[in-house]
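Q: What follows is a single structure, and I will ask about it in a moment.
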Amino acid sequence: MSALLEVKGLSRFYGSLKAVDDITFSLPEGTILGFIGPNGAGKSTTMRIIATLDVPTSGEVLLEGKSLVARPDQARPLLGYMPDRYGTYDDMTVFEFLDFFARAYRLRGNERKARVDSVMDFAGLLPLKDKLTSELSKGMKQRVALGRTLLHDPRLLILDEPADGLDPRARIELRELLRALASQGKAVLISSHILTELSEICDTCAIIEQGHLLATGTVQEVLSRTSNAAAFSEVELTLFAPGGAGLEEIGKKAERLLLEQPLVTNVTVLNHAVRFRLELAAGQTPSSGWVEEASVRVLKVLVNAELPVTSFRTREHDLEDAFMSVTKGRVQ
Amino acid sequence: MTLASATTRQYERLIESVGPIVVKEVRQGLRAKVFAIFFGTLLVVCLSMALVAVAEATDSAGIAHGKEFFGAYLTALGAVTFFVIPFVAFRSMLRELEDETWVLLTLTGLGAVSIVRGKWVSAMSQAMLFGSACAPFVLFCYFLNGIDILQIITGLLLAAGWSAMLTAVGVAVATQAHSKLGRTVAHFVVLGLLGLGTLGGITFCWVLAEEGSRLATNDAFRNFAITIGLFAWGSTWLLLEGASAGLTLPSEPASRRPRIAFTIVGLLALAHGLVLFVIENGRGNDAMGGQVVTSFFFTIAAAFCISENDGWPRQAATGGWLRPGALRSYLLGLGMLFASAALWLFLYARRDGSEKAFRAILAAFAYPALYLSLAVVLGRLTPLQKFGEPVATRVAFLGSVAIGVAASVGLSIAVEGRPDGKLVNALNPIVGLVNFVDRSNDELDAALVLLGCAALLAVFLATLVLVGRDQVRSA
Ligand SMILES: Nc1ncnc2c1ncn2[C@@H]1O[C@H](COP(=O)(O)OP(=O)(O)OP(=O)(O)O)[C@@H](O)[C@H]1O
Ligand SMILES: [Mg+2]
């Protein structure tokens, strides 16, 4: 099966700055690809090129097997693009805004009415129909913007940081919407600088930094690869004492024990919780699974000492952690 | 089918056909209340002036008041349609750039041309509303005596053209402002241009009120009015094409339509010049004047309308003369300037004129060639490149003219003790040209040779730069 979108050797240079450097990936129908990287990694630049807004310095982008670089006009009806700013007109109502873009997409008469209604229905905007877009919350504006990209029923959606600034509820709702779209067979390309933010939304993800693709694959693959590559990991455990009696003492004991263990640093005790860090010594290269091995060892010591541990977990890695250790903060 | 539903259908069909941008602008315009406020104010002003006029007419029967009231009405109308409406159009387009909504519009397939046209058409339909509210009052001046119907019609037509042009100025300036700095500068530029345009327009309205009765008898005055009308509409077209080019994405060819517009408007301007020269039985010195005016117009049009933002090289591979590429735009500009010089030299040679007219015609060709080329070369410098490609060249053009004038005058004062030395001002596009037009002296031959050599060198360098640039682009 050939993919809906194929990006081959894509580069975009601004003078001597290589914003995007030789990127290759593909995106089949019905899948959601998360595009992850720190600020200035080249996510927006890549997405703008795929959305036909910019031209690559070299390389090729194929949509349905046809070059969208050579014929941007033919590609535009097939793609919906949502920039990292919302791009709504303040003094228009939700309905007027969508109706205007539907007109711009040359939808006429009843077809347009039906299309705008179905998009508003899908995005849950019907109750807000007559509200001015300037009066909407961020999450609702986001939905209006998403609705706009759906008006012409595109096959590929390009969403630049759509989850940015959304509260957890709005994020979950966004996830549901995107899932529904993917099940309709649309391909979705979505960017973020937080890996965990995308882990539940995406099927696959691609990590980009300084214009290079560092890793591609399923979210789990990439997540474990980056956390293994990290030279430290944050751990939090909780202790139990009935009625809080003797908690202070238990905490002190835990702290003492932990500090005796190799690799453990930065221990802090807060009431029920103890936080510490597993960290390799400088110069040591992280091997696969070192965090897990060290965790097992530490937990065994604590349990053997009969400390009342009720939970023990390594904090989920987000992309920043991974990049801090992998790239030593080479952020452009 | 009932009559009502048929009317609704007709109405909907009308709305569908005017295009989405106009629909949107009207919706936003009605909500913005600017329109209502100015419309109300204009009506109140017109009505009170009419009352004053009636009172004066009954007080002093037999004295003609038409002129003053004609001028006053056109001033009121002009203030709105020369300044307020173009500025509102500017703001509206600028917001489209600020929020990058124009990008989203382009993705719908609407295209830069429709966006620009939509903005302009909706602004102009507002202007039409103002005009039609004001027109009865202007016609009413006829009954106050002292003014004839030809003047009134001419006044209204010229006002329409002038408003069309200034609205296009507003839209076009906004489309050049792709950065924050650019947007700040654009505000000053547009306020300056609209201010000057409004001042000029209103002044001409008063001239028309006072002298307009000569329209029927005085050929020169009539031709002047016609020229202004043609200039306004020609510039409107050029400005709108320049504006669309400014809004075009890097993935689109932007230079095709501006080049066509520039060529057609340029040839029409030359034809108009030729006709005027023949019917007014021009002489050698008139050819000089014609050349100075035409080449000034061509220079501004070449610098600001023919776009250098020429799109994706793969499209550059086809399309002959209209195919993208900064070199072709540049050569077209030079070609039109050359055509102008050739026409006026030909006319000059047929009616033998003075030697200084000959020099001035050549100089009026060499200065634009020199400074347009300098702009191309200097526009490549890194500090200017942050404005983006076509804008950098335009900034370089204005900058190099300013520096050329200032440096030459400074040098002239230092060396000769006076600002208008002939040889030191050879490269000064203002004082130098004035010298060529006004004075006759051997030193000016040397100055012309110097200017010619500088222009040739600059053209050579610019061509070299642009050939290199287009090659890199299509590699
Ligand atoms: N028009 C431009 N001119 C010059 N450099 C640019 C331009 N646009 C982007 N860049 C540079 O290209 C690099 C990549 O930018 P891009 O916007 O693609 O990053 P991003 O991954 O989207 O980052 P963010 O998370 O901040 O949105 C940055 O270093 C940026 O400064
Ligand atoms: Mg970005």
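We label chains A, B, ... in the order they appear in the structure tokens, count residues from 1 in each chain, and number ligands from 1 in the order shown.
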List all protein, DNA and RNA residues that have at least one atom no more than 12 Å from any atom of ligand 2, counting only C-alpha atoms and all ligand atoms, and write them as a PyMOL selection string.
A: chain A and resi 19+35-48+82-85+159-162+164+190-193+208
Q: Select all residues from chain B having any atom no more than 7 Å from an atom of chain A (counting only C-alpha atoms, ignoring ligands), output as an MDAnalysis selection string.
A: chainID B and resid 20 24 28 99:101 107:110 249:251 312 314
Q: Those same residues, written as an mmCIF file, in the first residue's frame with C-alpha atoms?
A:
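Writing done, so here's part_31.cif:
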```cif
data_model
loop_
_atom_site.group_PDB
_atom_site.id
_atom_site.type_symbol
_atom_site.label_atom_id
_atom_site.label_comp_id
_atom_site.auth_asym_id
_atom_site.auth_seq_id
_atom_site.Cartn_x
_atom_site.Cartn_y
_atom_site.Cartn_z
ATOM 1 C CA PRO B 20 -16.892 35.575 -0.351
ATOM 2 C CA LYS B 24 -17.355 39.038 4.680
ATOM 3 C CA GLN B 28 -17.708 42.994 9.315
ATOM 4 C CA ASP B 99 -3.349 37.201 11.764
ATOM 5 C CA GLU B 100 -2.016 35.360 8.713
ATOM 6 C CA THR B 101 -5.584 34.673 7.676
ATOM 7 C CA LEU B 107 -5.281 27.620 0.691
ATOM 8 C CA THR B 108 -8.969 27.666 -0.192
ATOM 9 C CA GLY B 109 -7.920 28.316 -3.762
ATOM 10 C CA LEU B 110 -9.244 31.865 -3.594
ATOM 11 C CA LEU B 249 3.060 32.662 -1.614
ATOM 12 C CA PRO B 250 6.582 31.580 -2.543
ATOM 13 C CA SER B 251 5.025 28.532 -4.162
ATOM 14 C CA TRP B 312 9.021 28.328 -7.542
ATOM 15 C CA ARG B 314 10.097 24.572 -11.501
#
```
Q: Could you tell me how far atom CA of A:Arg12 sits from atom CA of A:Gly59, in Å to one decimal place?
A: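 These two atoms are separated by 8.8 Å.
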Q: Pick out the residues sitting within 12 Å of stretch 115-118 of chain B, and hand them over as an MDAnalysis selection string; count only C-alpha atoms, and ignore anything fewer than 4 positions along from it in its own chain.
A: (chainID A and resid 104) or (chainID B and resid 17:26 89:90 92:94 96:97 101:111 122:125 164 167:175 236:237 239:248)
Q: Quick one: of B:Val449, B:Thr217, B:Leu345, B:Ser179, who's nearest to ligand 1, counting only C-alpha atoms and all ligand atoms?
A: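 Using only C-alpha atoms and all ligand atoms, ligand 1 sits closest to B:Ser179.
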Q: Quick check, in Å to one decimal: how far apart do atom CA of A:Glu64 and atom CA of A:Leu33 lie?
A: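 Distance reported for this atom pair: 16.8 Å.
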